[in-house]
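Everything below belongs to input-v4.cif, which stores mmCIF, N, CA and C atoms.
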```cif
data_data
#
loop_
_atom_site.label_atom_id
_atom_site.label_comp_id
_atom_site.auth_asym_id
_atom_site.auth_seq_id
_atom_site.Cartn_x
_atom_site.Cartn_y
_atom_site.Cartn_z
N MET Z 1 51.73 -74.22 -102.10
CA MET Z 1 50.82 -74.21 -103.24
C MET Z 1 51.39 -75.13 -104.31
N TYR Z 2 50.49 -75.79 -104.99
CA TYR Z 2 50.93 -76.70 -106.05
C TYR Z 2 50.23 -76.34 -107.34
N GLY Z 3 50.99 -76.32 -108.42
CA GLY Z 3 50.45 -75.95 -109.70
C GLY Z 3 50.50 -74.45 -109.90
N PRO Z 4 50.15 -74.02 -111.10
CA PRO Z 4 50.20 -72.59 -111.41
C PRO Z 4 49.25 -71.77 -110.53
N VAL Z 5 49.75 -70.65 -110.02
CA VAL Z 5 48.97 -69.75 -109.19
C VAL Z 5 49.28 -68.33 -109.66
N LEU Z 6 48.28 -67.49 -109.76
CA LEU Z 6 48.52 -66.08 -110.11
C LEU Z 6 49.32 -65.43 -108.98
N ILE Z 7 50.32 -64.66 -109.34
CA ILE Z 7 51.17 -64.04 -108.33
C ILE Z 7 50.37 -63.14 -107.39
N GLU Z 8 49.31 -62.51 -107.90
CA GLU Z 8 48.51 -61.64 -107.04
C GLU Z 8 47.70 -62.41 -106.00
N ASP Z 9 47.62 -63.74 -106.16
CA ASP Z 9 46.91 -64.58 -105.19
C ASP Z 9 47.82 -65.17 -104.12
N ILE Z 10 49.12 -64.96 -104.24
CA ILE Z 10 50.09 -65.50 -103.29
C ILE Z 10 50.24 -64.52 -102.13
N LYS Z 11 50.35 -65.05 -100.91
CA LYS Z 11 50.50 -64.19 -99.73
C LYS Z 11 51.65 -64.70 -98.87
N SER Z 12 52.09 -63.87 -97.93
CA SER Z 12 53.18 -64.27 -97.05
C SER Z 12 52.76 -65.54 -96.29
N GLY Z 13 53.71 -66.42 -96.12
CA GLY Z 13 53.46 -67.70 -95.47
C GLY Z 13 53.22 -68.83 -96.46
N ASP Z 14 52.85 -68.50 -97.70
CA ASP Z 14 52.66 -69.54 -98.72
C ASP Z 14 54.01 -70.15 -99.09
N ILE Z 15 53.97 -71.35 -99.59
CA ILE Z 15 55.17 -72.03 -100.08
C ILE Z 15 55.13 -72.01 -101.61
N VAL Z 16 56.24 -71.57 -102.20
CA VAL Z 16 56.37 -71.51 -103.66
C VAL Z 16 57.68 -72.17 -104.06
N VAL Z 17 57.86 -72.37 -105.35
CA VAL Z 17 59.16 -72.83 -105.85
C VAL Z 17 60.06 -71.61 -105.90
N GLY Z 18 61.15 -71.66 -105.15
CA GLY Z 18 62.04 -70.52 -105.02
C GLY Z 18 63.02 -70.39 -106.16
N TYR Z 19 63.83 -69.37 -106.08
CA TYR Z 19 64.85 -69.07 -107.09
C TYR Z 19 65.74 -70.29 -107.33
N SER Z 20 66.06 -71.01 -106.26
CA SER Z 20 66.95 -72.17 -106.35
C SER Z 20 66.29 -73.38 -106.98
N GLY Z 21 64.96 -73.34 -107.14
CA GLY Z 21 64.23 -74.49 -107.67
C GLY Z 21 63.65 -75.37 -106.58
N LYS Z 22 63.94 -75.03 -105.33
CA LYS Z 22 63.41 -75.78 -104.19
C LYS Z 22 62.28 -74.99 -103.54
N GLU Z 23 61.42 -75.69 -102.82
CA GLU Z 23 60.33 -75.01 -102.12
C GLU Z 23 60.88 -74.03 -101.10
N THR Z 24 60.23 -72.88 -101.00
CA THR Z 24 60.65 -71.85 -100.07
C THR Z 24 59.42 -71.07 -99.61
N GLU Z 25 59.54 -70.43 -98.47
CA GLU Z 25 58.41 -69.68 -97.92
C GLU Z 25 58.42 -68.24 -98.42
N VAL Z 26 57.24 -67.72 -98.71
CA VAL Z 26 57.09 -66.32 -99.09
C VAL Z 26 57.10 -65.50 -97.80
N LEU Z 27 58.05 -64.57 -97.70
CA LEU Z 27 58.16 -63.71 -96.52
C LEU Z 27 57.30 -62.46 -96.68
N GLN Z 28 57.24 -61.93 -97.90
CA GLN Z 28 56.45 -60.73 -98.18
C GLN Z 28 55.90 -60.84 -99.60
N ALA Z 29 54.69 -60.36 -99.80
CA ALA Z 29 54.10 -60.23 -101.13
C ALA Z 29 53.76 -58.76 -101.32
N HIS Z 30 54.22 -58.19 -102.42
CA HIS Z 30 54.03 -56.76 -102.65
C HIS Z 30 53.23 -56.51 -103.92
N GLN Z 31 52.48 -55.43 -103.88
CA GLN Z 31 51.73 -54.93 -105.02
C GLN Z 31 52.14 -53.49 -105.23
N TYR Z 32 52.47 -53.12 -106.46
CA TYR Z 32 52.90 -51.77 -106.77
C TYR Z 32 51.90 -51.11 -107.71
N LYS Z 33 51.61 -49.85 -107.46
CA LYS Z 33 50.82 -49.06 -108.40
C LYS Z 33 51.76 -48.59 -109.49
N GLU Z 34 51.38 -48.79 -110.74
CA GLU Z 34 52.24 -48.44 -111.87
C GLU Z 34 51.61 -47.32 -112.69
N ASP Z 35 52.44 -46.58 -113.37
CA ASP Z 35 51.99 -45.60 -114.36
C ASP Z 35 51.72 -46.39 -115.64
N PRO Z 36 50.47 -46.45 -116.10
CA PRO Z 36 50.15 -47.30 -117.25
C PRO Z 36 50.59 -46.74 -118.61
N VAL Z 37 51.15 -45.54 -118.65
CA VAL Z 37 51.48 -44.91 -119.92
C VAL Z 37 52.80 -45.43 -120.53
N PRO Z 38 53.91 -45.48 -119.79
CA PRO Z 38 55.17 -45.89 -120.43
C PRO Z 38 55.12 -47.35 -120.89
N THR Z 39 55.82 -47.60 -121.99
CA THR Z 39 55.96 -48.96 -122.51
C THR Z 39 57.19 -49.58 -121.85
N ARG Z 40 56.97 -50.21 -120.69
CA ARG Z 40 58.11 -50.78 -119.97
C ARG Z 40 57.82 -52.14 -119.38
N PHE Z 41 56.76 -52.79 -119.86
CA PHE Z 41 56.44 -54.14 -119.39
C PHE Z 41 56.60 -55.12 -120.54
N ALA Z 42 57.19 -56.28 -120.22
CA ALA Z 42 57.53 -57.26 -121.24
C ALA Z 42 56.89 -58.61 -120.94
N ALA Z 43 56.50 -59.27 -122.01
CA ALA Z 43 56.14 -60.69 -121.95
C ALA Z 43 57.29 -61.41 -122.64
N VAL Z 44 58.09 -62.13 -121.85
CA VAL Z 44 59.26 -62.83 -122.37
C VAL Z 44 58.89 -64.29 -122.54
N THR Z 45 58.99 -64.79 -123.78
CA THR Z 45 58.61 -66.16 -124.09
C THR Z 45 59.87 -66.98 -124.36
N PHE Z 46 59.84 -68.23 -123.88
CA PHE Z 46 60.99 -69.13 -124.01
C PHE Z 46 60.66 -70.30 -124.93
N ASP Z 47 61.71 -71.01 -125.36
CA ASP Z 47 61.55 -72.11 -126.31
C ASP Z 47 60.70 -73.28 -125.81
N ASN Z 48 60.47 -73.36 -124.51
CA ASN Z 48 59.61 -74.41 -123.97
C ASN Z 48 58.17 -73.94 -123.79
N GLY Z 49 57.87 -72.72 -124.26
CA GLY Z 49 56.53 -72.15 -124.12
C GLY Z 49 56.32 -71.35 -122.85
N ALA Z 50 57.29 -71.38 -121.92
CA ALA Z 50 57.17 -70.62 -120.68
C ALA Z 50 57.14 -69.13 -121.01
N LYS Z 51 56.38 -68.38 -120.19
CA LYS Z 51 56.29 -66.94 -120.38
C LYS Z 51 56.44 -66.26 -119.03
N VAL Z 52 57.25 -65.21 -119.00
CA VAL Z 52 57.43 -64.39 -117.80
C VAL Z 52 57.01 -62.98 -118.15
N ASN Z 53 56.06 -62.44 -117.38
CA ASN Z 53 55.61 -61.06 -117.55
C ASN Z 53 56.23 -60.22 -116.45
N CYS Z 54 56.95 -59.16 -116.82
CA CYS Z 54 57.59 -58.33 -115.81
C CYS Z 54 57.95 -56.97 -116.40
N CYS Z 55 58.38 -56.07 -115.51
CA CYS Z 55 58.80 -54.75 -115.97
C CYS Z 55 60.23 -54.80 -116.48
N ASP Z 56 60.65 -53.73 -117.11
CA ASP Z 56 61.98 -53.65 -117.71
C ASP Z 56 63.11 -53.79 -116.70
N MET Z 57 62.88 -53.39 -115.45
CA MET Z 57 63.92 -53.44 -114.43
C MET Z 57 63.91 -54.72 -113.60
N HIS Z 58 62.86 -55.53 -113.74
CA HIS Z 58 62.83 -56.78 -112.98
C HIS Z 58 63.93 -57.69 -113.51
N ARG Z 59 64.53 -58.44 -112.64
CA ARG Z 59 65.64 -59.31 -113.04
C ARG Z 59 65.17 -60.74 -113.26
N ILE Z 60 65.54 -61.26 -114.39
CA ILE Z 60 65.36 -62.68 -114.68
C ILE Z 60 66.74 -63.29 -114.63
N ASN Z 61 66.94 -64.23 -113.71
CA ASN Z 61 68.24 -64.89 -113.55
C ASN Z 61 69.36 -63.87 -113.36
N GLY Z 62 69.08 -62.80 -112.58
CA GLY Z 62 70.11 -61.83 -112.22
C GLY Z 62 70.32 -60.69 -113.20
N ARG Z 63 69.59 -60.66 -114.29
CA ARG Z 63 69.81 -59.66 -115.34
C ARG Z 63 68.50 -58.91 -115.60
N HIS Z 64 68.57 -57.59 -115.73
CA HIS Z 64 67.38 -56.79 -116.00
C HIS Z 64 66.72 -57.26 -117.30
N THR Z 65 65.41 -57.30 -117.28
CA THR Z 65 64.65 -57.72 -118.46
C THR Z 65 65.00 -56.87 -119.67
N LYS Z 66 65.19 -55.56 -119.48
CA LYS Z 66 65.49 -54.66 -120.60
C LYS Z 66 66.79 -55.01 -121.31
N ASP Z 67 67.66 -55.78 -120.66
CA ASP Z 67 68.95 -56.13 -121.24
C ASP Z 67 68.93 -57.44 -122.02
N TYR Z 68 67.79 -58.13 -122.06
CA TYR Z 68 67.67 -59.36 -122.83
C TYR Z 68 67.21 -59.07 -124.24
N LYS Z 69 67.55 -59.98 -125.14
CA LYS Z 69 67.05 -59.92 -126.52
C LYS Z 69 66.73 -61.34 -126.97
N VAL Z 70 65.94 -61.45 -128.02
CA VAL Z 70 65.58 -62.75 -128.57
C VAL Z 70 66.87 -63.50 -128.92
N GLY Z 71 66.93 -64.77 -128.53
CA GLY Z 71 68.11 -65.61 -128.76
C GLY Z 71 68.98 -65.77 -127.53
N ASP Z 72 68.81 -64.88 -126.54
CA ASP Z 72 69.58 -65.00 -125.29
C ASP Z 72 69.13 -66.23 -124.53
N LYS Z 73 70.05 -66.78 -123.74
CA LYS Z 73 69.78 -67.96 -122.93
C LYS Z 73 69.54 -67.56 -121.48
N VAL Z 74 68.63 -68.26 -120.83
CA VAL Z 74 68.42 -68.21 -119.39
C VAL Z 74 68.52 -69.65 -118.95
N GLY Z 75 69.67 -70.03 -118.38
CA GLY Z 75 69.92 -71.44 -118.10
C GLY Z 75 69.95 -72.19 -119.41
N SER Z 76 69.16 -73.25 -119.52
CA SER Z 76 69.12 -74.05 -120.75
C SER Z 76 68.03 -73.58 -121.71
N ARG Z 77 67.29 -72.54 -121.34
CA ARG Z 77 66.17 -72.05 -122.14
C ARG Z 77 66.59 -70.86 -123.00
N THR Z 78 66.03 -70.78 -124.19
CA THR Z 78 66.32 -69.69 -125.12
C THR Z 78 65.10 -68.79 -125.24
N ILE Z 79 65.33 -67.49 -125.21
CA ILE Z 79 64.24 -66.53 -125.40
C ILE Z 79 63.87 -66.51 -126.88
N THR Z 80 62.58 -66.74 -127.16
CA THR Z 80 62.10 -66.78 -128.54
C THR Z 80 61.31 -65.53 -128.93
N ASN Z 81 60.83 -64.79 -127.92
CA ASN Z 81 60.05 -63.59 -128.23
C ASN Z 81 60.02 -62.68 -127.00
N ILE Z 82 60.05 -61.38 -127.25
CA ILE Z 82 59.85 -60.38 -126.20
C ILE Z 82 58.87 -59.36 -126.77
N THR Z 83 57.72 -59.23 -126.10
CA THR Z 83 56.70 -58.28 -126.53
C THR Z 83 56.57 -57.20 -125.47
N TRP Z 84 56.83 -55.94 -125.87
CA TRP Z 84 56.75 -54.81 -124.95
C TRP Z 84 55.37 -54.17 -125.02
N SER Z 85 54.89 -53.72 -123.85
CA SER Z 85 53.56 -53.10 -123.82
C SER Z 85 53.47 -52.07 -122.70
N ASN Z 86 52.38 -51.32 -122.73
CA ASN Z 86 52.06 -50.41 -121.64
C ASN Z 86 50.67 -50.78 -121.13
N GLY Z 87 50.08 -49.94 -120.31
CA GLY Z 87 48.74 -50.20 -119.82
C GLY Z 87 48.69 -50.98 -118.52
N VAL Z 88 49.85 -51.29 -117.95
CA VAL Z 88 49.88 -52.03 -116.69
C VAL Z 88 49.64 -51.05 -115.53
N GLU Z 89 48.65 -51.33 -114.73
CA GLU Z 89 48.32 -50.46 -113.59
C GLU Z 89 48.80 -51.02 -112.26
N ARG Z 90 49.06 -52.32 -112.19
CA ARG Z 90 49.55 -52.97 -110.98
C ARG Z 90 50.61 -53.99 -111.36
N SER Z 91 51.65 -54.09 -110.52
CA SER Z 91 52.63 -55.15 -110.68
C SER Z 91 52.82 -55.80 -109.31
N TYR Z 92 53.41 -56.99 -109.32
CA TYR Z 92 53.51 -57.80 -108.11
C TYR Z 92 54.91 -58.37 -107.98
N ASP Z 93 55.30 -58.64 -106.74
CA ASP Z 93 56.60 -59.24 -106.48
C ASP Z 93 56.53 -59.99 -105.15
N LEU Z 94 57.43 -60.94 -105.00
CA LEU Z 94 57.50 -61.75 -103.79
C LEU Z 94 58.90 -61.70 -103.22
N LEU Z 95 59.02 -61.62 -101.91
CA LEU Z 95 60.29 -61.81 -101.23
C LEU Z 95 60.22 -63.18 -100.59
N THR Z 96 61.15 -64.03 -100.93
CA THR Z 96 61.17 -65.39 -100.41
C THR Z 96 62.44 -65.62 -99.59
N GLU Z 97 62.47 -66.74 -98.92
CA GLU Z 97 63.64 -67.08 -98.10
C GLU Z 97 64.91 -67.17 -98.95
N ASP Z 98 64.78 -67.53 -100.23
CA ASP Z 98 65.99 -67.65 -101.05
C ASP Z 98 66.13 -66.52 -102.08
N GLY Z 99 65.38 -65.42 -101.90
CA GLY Z 99 65.60 -64.22 -102.69
C GLY Z 99 64.92 -64.16 -104.04
N GLY Z 100 64.07 -65.12 -104.34
CA GLY Z 100 63.39 -65.08 -105.63
C GLY Z 100 62.39 -66.21 -105.74
N TYR Z 101 61.96 -66.45 -106.95
CA TYR Z 101 60.95 -67.47 -107.21
C TYR Z 101 61.07 -67.89 -108.66
N ARG Z 102 60.29 -68.88 -109.02
CA ARG Z 102 60.31 -69.36 -110.40
C ARG Z 102 58.93 -69.17 -111.02
N ILE Z 103 58.95 -68.73 -112.25
CA ILE Z 103 57.74 -68.65 -113.06
C ILE Z 103 57.95 -69.60 -114.22
N SER Z 104 57.13 -70.65 -114.29
CA SER Z 104 57.30 -71.70 -115.32
C SER Z 104 58.74 -72.22 -115.34
N ASN Z 105 59.31 -72.39 -114.17
CA ASN Z 105 60.68 -72.88 -113.94
C ASN Z 105 61.77 -71.92 -114.43
N ILE Z 106 61.43 -70.67 -114.69
CA ILE Z 106 62.41 -69.64 -115.04
C ILE Z 106 62.73 -68.87 -113.76
N PRO Z 107 64.02 -68.76 -113.36
CA PRO Z 107 64.37 -68.07 -112.12
C PRO Z 107 64.19 -66.55 -112.22
N VAL Z 108 63.39 -66.00 -111.30
CA VAL Z 108 63.10 -64.57 -111.26
C VAL Z 108 63.53 -64.04 -109.91
N ASN Z 109 64.32 -62.98 -109.91
CA ASN Z 109 64.79 -62.37 -108.67
C ASN Z 109 63.71 -61.50 -108.06
N SER Z 110 63.64 -61.48 -106.73
CA SER Z 110 62.77 -60.53 -106.04
C SER Z 110 63.39 -59.15 -106.17
N MET Z 111 62.55 -58.14 -106.37
CA MET Z 111 63.03 -56.76 -106.44
C MET Z 111 62.72 -55.99 -105.17
N ILE Z 112 62.14 -56.63 -104.17
CA ILE Z 112 61.67 -55.91 -102.99
C ILE Z 112 62.82 -55.23 -102.25
N GLU Z 113 63.91 -55.94 -102.02
CA GLU Z 113 65.04 -55.32 -101.32
C GLU Z 113 65.67 -54.21 -102.16
N GLU Z 114 65.75 -54.41 -103.47
CA GLU Z 114 66.28 -53.39 -104.38
C GLU Z 114 65.39 -52.14 -104.35
N MET Z 115 64.08 -52.33 -104.38
CA MET Z 115 63.14 -51.21 -104.33
C MET Z 115 63.25 -50.46 -103.00
N ALA Z 116 63.44 -51.18 -101.90
CA ALA Z 116 63.62 -50.54 -100.60
C ALA Z 116 64.87 -49.65 -100.62
N GLY Z 117 65.91 -50.10 -101.29
CA GLY Z 117 67.12 -49.30 -101.42
C GLY Z 117 66.87 -48.00 -102.19
N TYR Z 118 66.06 -48.09 -103.26
CA TYR Z 118 65.71 -46.88 -104.02
C TYR Z 118 64.93 -45.90 -103.16
N VAL Z 119 64.01 -46.41 -102.34
CA VAL Z 119 63.21 -45.56 -101.46
C VAL Z 119 64.12 -44.84 -100.47
N ASN Z 120 65.07 -45.57 -99.89
CA ASN Z 120 66.01 -44.97 -98.94
C ASN Z 120 66.86 -43.89 -99.62
N GLN Z 121 67.31 -44.13 -100.84
CA GLN Z 121 68.09 -43.13 -101.57
C GLN Z 121 67.25 -41.87 -101.82
N TYR Z 122 65.99 -42.08 -102.20
CA TYR Z 122 65.07 -40.97 -102.44
C TYR Z 122 64.87 -40.14 -101.18
N LYS Z 123 64.66 -40.83 -100.04
CA LYS Z 123 64.45 -40.12 -98.79
C LYS Z 123 65.68 -39.32 -98.37
N GLN Z 124 66.86 -39.87 -98.58
CA GLN Z 124 68.08 -39.17 -98.22
C GLN Z 124 68.32 -37.96 -99.10
N ALA Z 125 67.90 -38.05 -100.37
CA ALA Z 125 68.09 -36.93 -101.29
C ALA Z 125 67.09 -35.81 -101.05
N ALA Z 126 65.96 -36.14 -100.44
CA ALA Z 126 64.89 -35.14 -100.25
C ALA Z 126 65.18 -34.19 -99.12
#
```
Please go through the file and, once you have read it, give me the structure as structure tokens.
Amino acid sequence: MYGPVLIEDIKSGDIVVGYSGKETEVLQAHQYKEDPVPTRFAAVTFDNGAKVNCCDMHRINGRHTKDYKVGDKVGSRTITNITWSNGVERSYDLLTEDGGYRISNIPVNSMIEEMAGYVNQYKQAA
């Protein structure tokens, strides 16, 4: 795919810009049902105008979104604004050959393997 594409329109087999900045294949595309009540979704804006929308636990460049603050750097980009909100009913993620993808050239880690680990822990505890 070339140019901006909504993450919900991407499917396995598509080619995207991966975490490394090089083209990579999407192995899995996931959609999660979310509880729309908690305020745990962020729109993170950068000094170049790029914006990444994700939950508090999603990792941007290896770090949970909840751990960032305005002024922090992601590579050469500086975070200029973080707006927290609720009301999100669906979220999306991609598993790629290189473990992540880029949104407006900002490296975003896939959470699919991490989420699978949480499911396994939950099953073992039950």
**Study point:** Residues matched by the PyMOL selection byres ((chain Z and resi 82) around 8), written as JSON, numbers by chain
**Key:** {"Z": [41, 42, 43, 44, 45, 46, 68, 69, 70, 71, 79, 80, 81, 83, 84, 85]}
Point to revise | Residues matched by the PyMOL selection byres ((chain Z and resi 100-105) around 6), written as number ranges by chain | key: Z: 17-19, 50-51, 95-99, 106-110
Check your understanding: Could you write out, as an NGL selection string, all the residues of chain Z that DSSP marks as strand (DSSP E)?
Key -> :Z and (15-17 or 23-33 or 41-46 or 51-55 or 59-60 or 63-64 or 73-74 or 77-85 or 90-96 or 100-103 or 106-109)
Practice item. Using the chain letters and numbers from the file, give me the residues hit by the PyMOL selection byres (((chain Z and resi 5 and name CA) around 12) and name CA), as a PyMOL selection string. Key: chain Z and resi 1-4+6-11+14-17+102-104
Exercise for review: For Ile112 of chain Z, list every protein, DNA or RNA residue within 8 Å, evaluated using all atoms listed in the file, and leave out those in the same chain fewer than 2 positions away; present the list as a ChimeraX atom specification.
Suggested key: /Z:30,93-95,109-110,114-118
**Study point:** Option closest in space to Ala29 of chain Z, from Z:Tyr92, Z:Thr65, Z:Asn86, Z:Ala125 [counting only C-alpha atoms]
**Key:** Z:Tyr92
Check your understanding: Taking the backbone alone, and naming residues the way the document does, which bits of chain Z are helix (DSSP H, G or I) by DSSP, as a list in words?
Key ->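 Helix (DSSP H, G or I) members of chain Z, listed: Ile7, Glu8, Asp9, Thr65, Lys66, Asp67, Ile112, Glu113, Glu114, Met115, Ala116, Gly117, Tyr118, Val119, Asn120, Gln121, Tyr122, Lys123, Gln124 and Ala125 of chain Z.
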Deliver the residues from the most recent selection as a file, using N, CA and C atoms, as an mmCIF file, in the coordinates of the input.
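Resulting contents of again.cif:
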```cif
data_model
loop_
_atom_site.group_PDB
_atom_site.id
_atom_site.type_symbol
_atom_site.label_atom_id
_atom_site.label_comp_id
_atom_site.auth_asym_id
_atom_site.auth_seq_id
_atom_site.Cartn_x
_atom_site.Cartn_y
_atom_site.Cartn_z
ATOM 1 N N ILE Z 7 50.320 -64.660 -109.340
ATOM 2 C CA ILE Z 7 51.170 -64.040 -108.330
ATOM 3 C C ILE Z 7 50.370 -63.140 -107.390
ATOM 4 N N GLU Z 8 49.310 -62.510 -107.900
ATOM 5 C CA GLU Z 8 48.510 -61.640 -107.040
ATOM 6 C C GLU Z 8 47.700 -62.410 -106.000
ATOM 7 N N ASP Z 9 47.620 -63.740 -106.160
ATOM 8 C CA ASP Z 9 46.910 -64.580 -105.190
ATOM 9 C C ASP Z 9 47.820 -65.170 -104.120
ATOM 10 N N THR Z 65 65.410 -57.300 -117.280
ATOM 11 C CA THR Z 65 64.650 -57.720 -118.460
ATOM 12 C C THR Z 65 65.000 -56.870 -119.670
ATOM 13 N N LYS Z 66 65.190 -55.560 -119.480
ATOM 14 C CA LYS Z 66 65.490 -54.660 -120.600
ATOM 15 C C LYS Z 66 66.790 -55.010 -121.310
ATOM 16 N N ASP Z 67 67.660 -55.780 -120.660
ATOM 17 C CA ASP Z 67 68.950 -56.130 -121.240
ATOM 18 C C ASP Z 67 68.930 -57.440 -122.020
ATOM 19 N N ILE Z 112 62.140 -56.630 -104.170
ATOM 20 C CA ILE Z 112 61.670 -55.910 -102.990
ATOM 21 C C ILE Z 112 62.820 -55.230 -102.250
ATOM 22 N N GLU Z 113 63.910 -55.940 -102.020
ATOM 23 C CA GLU Z 113 65.040 -55.320 -101.320
ATOM 24 C C GLU Z 113 65.670 -54.210 -102.160
ATOM 25 N N GLU Z 114 65.750 -54.410 -103.470
ATOM 26 C CA GLU Z 114 66.280 -53.390 -104.380
ATOM 27 C C GLU Z 114 65.390 -52.140 -104.350
ATOM 28 N N MET Z 115 64.080 -52.330 -104.380
ATOM 29 C CA MET Z 115 63.140 -51.210 -104.330
ATOM 30 C C MET Z 115 63.250 -50.460 -103.000
ATOM 31 N N ALA Z 116 63.440 -51.180 -101.900
ATOM 32 C CA ALA Z 116 63.620 -50.540 -100.600
ATOM 33 C C ALA Z 116 64.870 -49.650 -100.620
ATOM 34 N N GLY Z 117 65.910 -50.100 -101.290
ATOM 35 C CA GLY Z 117 67.120 -49.300 -101.420
ATOM 36 C C GLY Z 117 66.870 -48.000 -102.190
ATOM 37 N N TYR Z 118 66.060 -48.090 -103.260
ATOM 38 C CA TYR Z 118 65.710 -46.880 -104.020
ATOM 39 C C TYR Z 118 64.930 -45.900 -103.160
ATOM 40 N N VAL Z 119 64.010 -46.410 -102.340
ATOM 41 C CA VAL Z 119 63.210 -45.560 -101.460
ATOM 42 C C VAL Z 119 64.120 -44.840 -100.470
ATOM 43 N N ASN Z 120 65.070 -45.570 -99.890
ATOM 44 C CA ASN Z 120 66.010 -44.970 -98.940
ATOM 45 C C ASN Z 120 66.860 -43.890 -99.620
ATOM 46 N N GLN Z 121 67.310 -44.130 -100.840
ATOM 47 C CA GLN Z 121 68.090 -43.130 -101.570
ATOM 48 C C GLN Z 121 67.250 -41.870 -101.820
ATOM 49 N N TYR Z 122 65.990 -42.080 -102.200
ATOM 50 C CA TYR Z 122 65.070 -40.970 -102.440
ATOM 51 C C TYR Z 122 64.870 -40.140 -101.180
ATOM 52 N N LYS Z 123 64.660 -40.830 -100.040
ATOM 53 C CA LYS Z 123 64.450 -40.120 -98.790
ATOM 54 C C LYS Z 123 65.680 -39.320 -98.370
ATOM 55 N N GLN Z 124 66.860 -39.870 -98.580
ATOM 56 C CA GLN Z 124 68.080 -39.170 -98.220
ATOM 57 C C GLN Z 124 68.320 -37.960 -99.100
ATOM 58 N N ALA Z 125 67.900 -38.050 -100.370
ATOM 59 C CA ALA Z 125 68.090 -36.930 -101.290
ATOM 60 C C ALA Z 125 67.090 -35.810 -101.050
#
```
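The space separating atom CA of Glu89 of chain Z from atom N of Pro36 of chain Z comes to 5.2 Å.
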Check your understanding: In Å to one decimal, how far is atom CA of Ser91 of chain Z from atom CA of Gly49 of chain Z?
Key ->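 Taking atom CA of Gly49 of chain Z as the start and atom CA of Ser91 of chain Z as the end point, the length is 22.0 Å.
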Revision key, fill the gap. In Å and to one decimal, atom C of Thr39 of chain Z is distant from atom N of Ala126 of chain Z by 26.8 Å
Reconstructed all heavy atoms for segment 15-19 of chain Z, given as an mmCIF file, in the frame of the given file:
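result_31.cif written:
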```cif
data_model
loop_
_atom_site.group_PDB
_atom_site.id
_atom_site.type_symbol
_atom_site.label_atom_id
_atom_site.label_comp_id
_atom_site.auth_asym_id
_atom_site.auth_seq_id
_atom_site.Cartn_x
_atom_site.Cartn_y
_atom_site.Cartn_z
ATOM 1 N N ILE Z 15 53.970 -71.350 -99.590
ATOM 2 C CA ILE Z 15 55.170 -72.030 -100.080
ATOM 3 C C ILE Z 15 55.130 -72.010 -101.610
ATOM 4 O O ILE Z 15 54.116 -72.347 -102.224
ATOM 5 C CB ILE Z 15 55.224 -73.493 -99.576
ATOM 6 C CG1 ILE Z 15 55.193 -73.543 -98.043
ATOM 7 C CG2 ILE Z 15 56.451 -74.205 -100.142
ATOM 8 C CD1 ILE Z 15 56.369 -72.876 -97.354
ATOM 9 N N VAL Z 16 56.240 -71.570 -102.200
ATOM 10 C CA VAL Z 16 56.370 -71.510 -103.660
ATOM 11 C C VAL Z 16 57.680 -72.170 -104.060
ATOM 12 O O VAL Z 16 58.531 -72.465 -103.219
ATOM 13 C CB VAL Z 16 56.336 -70.051 -104.182
ATOM 14 C CG1 VAL Z 16 55.012 -69.382 -103.848
ATOM 15 C CG2 VAL Z 16 57.509 -69.240 -103.653
ATOM 16 N N VAL Z 17 57.860 -72.370 -105.350
ATOM 17 C CA VAL Z 17 59.160 -72.830 -105.850
ATOM 18 C C VAL Z 17 60.060 -71.610 -105.900
ATOM 19 O O VAL Z 17 59.756 -70.619 -106.576
ATOM 20 C CB VAL Z 17 59.028 -73.477 -107.249
ATOM 21 C CG1 VAL Z 17 60.397 -73.895 -107.764
ATOM 22 C CG2 VAL Z 17 58.089 -74.680 -107.188
ATOM 23 N N GLY Z 18 61.150 -71.660 -105.150
ATOM 24 C CA GLY Z 18 62.040 -70.520 -105.020
ATOM 25 C C GLY Z 18 63.020 -70.390 -106.160
ATOM 26 O O GLY Z 18 63.068 -71.201 -107.091
ATOM 27 N N TYR Z 19 63.830 -69.370 -106.080
ATOM 28 C CA TYR Z 19 64.850 -69.070 -107.090
ATOM 29 C C TYR Z 19 65.740 -70.290 -107.330
ATOM 30 O O TYR Z 19 66.100 -70.585 -108.461
ATOM 31 C CB TYR Z 19 65.679 -67.872 -106.621
ATOM 32 C CG TYR Z 19 66.628 -67.345 -107.666
ATOM 33 C CD1 TYR Z 19 66.193 -66.424 -108.610
ATOM 34 C CD2 TYR Z 19 67.944 -67.771 -107.710
ATOM 35 C CE1 TYR Z 19 67.052 -65.938 -109.568
ATOM 36 C CE2 TYR Z 19 68.810 -67.291 -108.668
ATOM 37 C CZ TYR Z 19 68.363 -66.379 -109.603
ATOM 38 O OH TYR Z 19 69.219 -65.914 -110.559
#
```
